[in-house]
Amino acid sequence: MGIAHTIVVPHPGGLPYGVVGIRTCFPNAERTLEVTSTVQEPIELLRNCLEEQFQRSTDQLAELTLRSRQRGFGGYDHDTLAALIASARQTVSETAHALKRMAEGSYGTCERCAVDIPLQRLEILPHARFCVPCQCRQTG
Ligand SMILES: [Zn+2]
């Protein structure tokens, strides 16, 4: 318990990275996870992240759906529960999409302009579908 986790993956440019991505994956972790990795490819690290996130959201969604069918929504108020379900559903969909793109070999490129999405962005947002400029155009 309480073991600090470190993942240092050799960066092509010599800089260690990966820690940020892992923190992204376990933002609500109650204890720090001991993660040691000999994985060389950052994409493998991101895949692990996405698979973990997908699994967690799927479980969460199943549980929330169950509660939504219970009398009194299992202690939640209706709006909160609806928001949680929507959020979990979105995460499931986003991570599934990213994993599908990994399987297809198109992961890490912008879906709009096909530019390579910087790794720093993927570490923060492993399911990112667009590069930053395209994302801005998309949402704003
Ligand atoms: Zn783009």
# chains A, B, ... in the order shown; residues from 1 in each chain; ligands from 1
>>> residues_near_ligand(ligand="ligand 1", cutoff="6 Å", atoms="only C-alpha atoms and all ligand atoms", output="VMD selection string")
chain A and resid 110 112 to 113 115 130 to 131 134
>>> write_last_selection(atoms="N, CA and C atoms", output="PDB file, in the first residue's frame")
ATOM      1  N   CYS A 110      -5.003  12.543 -36.201  1.00  0.00           N
ATOM      2  CA  CYS A 110      -6.223  13.330 -36.140  1.00  0.00           C
ATOM      3  C   CYS A 110      -7.238  12.795 -37.148  1.00  0.00           C
ATOM      4  N   ARG A 112      -9.604  14.360 -38.414  1.00  0.00           N
ATOM      5  CA  ARG A 112     -10.042  15.364 -39.374  1.00  0.00           C
ATOM      6  C   ARG A 112      -8.943  15.704 -40.393  1.00  0.00           C
ATOM      7  N   CYS A 113      -7.739  15.967 -39.880  1.00  0.00           N
ATOM      8  CA  CYS A 113      -6.688  16.430 -40.797  1.00  0.00           C
ATOM      9  C   CYS A 113      -5.549  15.421 -40.943  1.00  0.00           C
ATOM     10  N   VAL A 115      -3.111  14.610 -39.189  1.00  0.00           N
ATOM     11  CA  VAL A 115      -1.809  14.935 -38.629  1.00  0.00           C
ATOM     12  C   VAL A 115      -1.569  14.038 -37.401  1.00  0.00           C
ATOM     13  N   PHE A 130      -8.869  14.153 -32.159  1.00  0.00           N
ATOM     14  CA  PHE A 130      -8.458  15.256 -33.008  1.00  0.00           C
ATOM     15  C   PHE A 130      -7.215  15.932 -32.451  1.00  0.00           C
ATOM     16  N   CYS A 131      -6.455  16.561 -33.337  1.00  0.00           N
ATOM     17  CA  CYS A 131      -5.357  17.389 -32.873  1.00  0.00           C
ATOM     18  C   CYS A 131      -5.957  18.639 -32.220  1.00  0.00           C
ATOM     19  N   CYS A 134      -7.901  21.158 -34.528  1.00  0.00           N
ATOM     20  CA  CYS A 134      -9.170  20.596 -35.005  1.00  0.00           C
ATOM     21  C   CYS A 134     -10.175  20.475 -33.861  1.00  0.00           C
TER      22      CYS A 134
END
>>> residues_around(residues="Thr58 of chain A", least_positions_apart="4", cutoff="7 Å", atoms="only C-alpha atoms", output="list in words")
Phe54, Ala62 and Val92 of chain A
>>> write_last_selection(atoms="C-alpha atoms", output="PDB file, in the first residue's frame")
ATOM      1  CA  PHE A  54     -12.899   1.032 -20.665  1.00  0.00           C
ATOM      2  CA  ALA A  62     -23.599  -1.488 -15.408  1.00  0.00           C
ATOM      3  CA  VAL A  92     -17.138   3.725 -22.689  1.00  0.00           C
TER       4      VAL A  92
END
>>> residues_around(residues="Val132 of chain A", least_positions_apart="5", cutoff="10 Å", atoms="only C-alpha atoms", output="list in words")
Cys110, Ile117, Pro118, Arg121, Arg137 and Gln138 of chain A
>>> write_last_selection(atoms="C-alpha atoms", output="mmCIF file, in the first residue's frame")
data_model
loop_
_atom_site.group_PDB
_atom_site.id
_atom_site.type_symbol
_atom_site.label_atom_id
_atom_site.label_comp_id
_atom_site.auth_asym_id
_atom_site.auth_seq_id
_atom_site.Cartn_x
_atom_site.Cartn_y
_atom_site.Cartn_z
ATOM 1 C CA CYS A 110 -6.223 13.330 -36.140
ATOM 2 C CA ILE A 117 -1.475 13.930 -32.496
ATOM 3 C CA PRO A 118 1.393 14.846 -30.151
ATOM 4 C CA ARG A 121 -1.773 15.238 -25.764
ATOM 5 C CA ARG A 137 -12.700 24.085 -34.364
ATOM 6 C CA GLN A 138 -14.908 21.160 -33.365
#
>>> closest_residue(among="A:Leu122, A:Ala96, A:Leu81, A:Ala86", to="Glu52 of chain A", atoms="only C-alpha atoms")
A:Ala96
>>> residues_around(residues="Thr65 of chain A", least_positions_apart="3", cutoff="12 Å", atoms="only C-alpha atoms", output="ChimeraX atom specification")
/A:57-62,68-70,73-74,76,78,81-86,88-89
>>> write_last_selection(atoms="N, CA and C atoms", output="PDB file, in the first residue's frame")
ATOM      1  N   SER A  57     -15.222   1.944 -16.745  1.00  0.00           N
ATOM      2  CA  SER A  57     -16.443   2.651 -17.131  1.00  0.00           C
ATOM      3  C   SER A  57     -17.577   1.687 -17.433  1.00  0.00           C
ATOM      4  N   THR A  58     -17.226   0.548 -18.032  1.00  0.00           N
ATOM      5  CA  THR A  58     -18.245  -0.456 -18.326  1.00  0.00           C
ATOM      6  C   THR A  58     -18.869  -0.969 -17.030  1.00  0.00           C
ATOM      7  N   ASP A  59     -18.020  -1.269 -16.058  1.00  0.00           N
ATOM      8  CA  ASP A  59     -18.505  -1.728 -14.751  1.00  0.00           C
ATOM      9  C   ASP A  59     -19.374  -0.663 -14.094  1.00  0.00           C
ATOM     10  N   GLN A  60     -18.888   0.577 -14.178  1.00  0.00           N
ATOM     11  CA  GLN A  60     -19.599   1.697 -13.572  1.00  0.00           C
ATOM     12  C   GLN A  60     -20.976   1.869 -14.218  1.00  0.00           C
ATOM     13  N   LEU A  61     -20.976   1.783 -15.527  1.00  0.00           N
ATOM     14  CA  LEU A  61     -22.223   1.946 -16.268  1.00  0.00           C
ATOM     15  C   LEU A  61     -23.224   0.855 -15.897  1.00  0.00           C
ATOM     16  N   ALA A  62     -22.731  -0.373 -15.781  1.00  0.00           N
ATOM     17  CA  ALA A  62     -23.599  -1.488 -15.408  1.00  0.00           C
ATOM     18  C   ALA A  62     -24.210  -1.248 -14.028  1.00  0.00           C
ATOM     19  N   SER A  68     -30.494   2.745 -11.544  1.00  0.00           N
ATOM     20  CA  SER A  68     -31.545   3.549 -12.163  1.00  0.00           C
ATOM     21  C   SER A  68     -32.858   2.774 -12.233  1.00  0.00           C
ATOM     22  N   ARG A  69     -32.761   1.451 -12.131  1.00  0.00           N
ATOM     23  CA  ARG A  69     -33.973   0.624 -12.196  1.00  0.00           C
ATOM     24  C   ARG A  69     -34.539   0.338 -10.808  1.00  0.00           C
ATOM     25  N   GLN A  70     -33.744   0.709  -9.785  1.00  0.00           N
ATOM     26  CA  GLN A  70     -34.215   0.447  -8.432  1.00  0.00           C
ATOM     27  C   GLN A  70     -35.174   1.543  -7.984  1.00  0.00           C
ATOM     28  N   PHE A  73     -33.877   5.038  -7.102  1.00  0.00           N
ATOM     29  CA  PHE A  73     -32.609   5.131  -7.828  1.00  0.00           C
ATOM     30  C   PHE A  73     -31.397   4.805  -6.957  1.00  0.00           C
ATOM     31  N   GLY A  74     -31.544   3.835  -6.076  1.00  0.00           N
ATOM     32  CA  GLY A  74     -30.409   3.391  -5.262  1.00  0.00           C
ATOM     33  C   GLY A  74     -29.780   4.500  -4.441  1.00  0.00           C
ATOM     34  N   TYR A  76     -29.542   7.718  -5.283  1.00  0.00           N
ATOM     35  CA  TYR A  76     -29.154   8.890  -6.069  1.00  0.00           C
ATOM     36  C   TYR A  76     -30.387   9.726  -6.380  1.00  0.00           C
ATOM     37  N   HIS A  78     -32.372  11.721  -9.270  1.00  0.00           N
ATOM     38  CA  HIS A  78     -32.536  11.330 -10.666  1.00  0.00           C
ATOM     39  C   HIS A  78     -31.550  12.040 -11.592  1.00  0.00           C
ATOM     40  N   LEU A  81     -27.897  10.842 -11.173  1.00  0.00           N
ATOM     41  CA  LEU A  81     -27.747   9.512 -11.747  1.00  0.00           C
ATOM     42  C   LEU A  81     -27.710   9.584 -13.274  1.00  0.00           C
ATOM     43  N   ALA A  82     -28.603  10.395 -13.835  1.00  0.00           N
ATOM     44  CA  ALA A  82     -28.646  10.534 -15.292  1.00  0.00           C
ATOM     45  C   ALA A  82     -27.332  11.107 -15.815  1.00  0.00           C
ATOM     46  N   ALA A  83     -26.784  12.076 -15.095  1.00  0.00           N
ATOM     47  CA  ALA A  83     -25.521  12.694 -15.512  1.00  0.00           C
ATOM     48  C   ALA A  83     -24.369  11.691 -15.421  1.00  0.00           C
ATOM     49  N   LEU A  84     -24.361  10.905 -14.345  1.00  0.00           N
ATOM     50  CA  LEU A  84     -23.308   9.897 -14.169  1.00  0.00           C
ATOM     51  C   LEU A  84     -23.382   8.833 -15.265  1.00  0.00           C
ATOM     52  N   ILE A  85     -24.604   8.430 -15.582  1.00  0.00           N
ATOM     53  CA  ILE A  85     -24.783   7.426 -16.632  1.00  0.00           C
ATOM     54  C   ILE A  85     -24.311   7.982 -17.978  1.00  0.00           C
ATOM     55  N   ALA A  86     -24.693   9.220 -18.255  1.00  0.00           N
ATOM     56  CA  ALA A  86     -24.288   9.834 -19.521  1.00  0.00           C
ATOM     57  C   ALA A  86     -22.770   9.916 -19.621  1.00  0.00           C
ATOM     58  N   ALA A  88     -20.490   8.073 -17.955  1.00  0.00           N
ATOM     59  CA  ALA A  88     -19.894   6.737 -18.059  1.00  0.00           C
ATOM     60  C   ALA A  88     -20.081   6.183 -19.469  1.00  0.00           C
ATOM     61  N   ARG A  89     -21.266   6.435 -20.031  1.00  0.00           N
ATOM     62  CA  ARG A  89     -21.562   5.943 -21.375  1.00  0.00           C
ATOM     63  C   ARG A  89     -20.623   6.593 -22.398  1.00  0.00           C
TER      64      ARG A  89
END
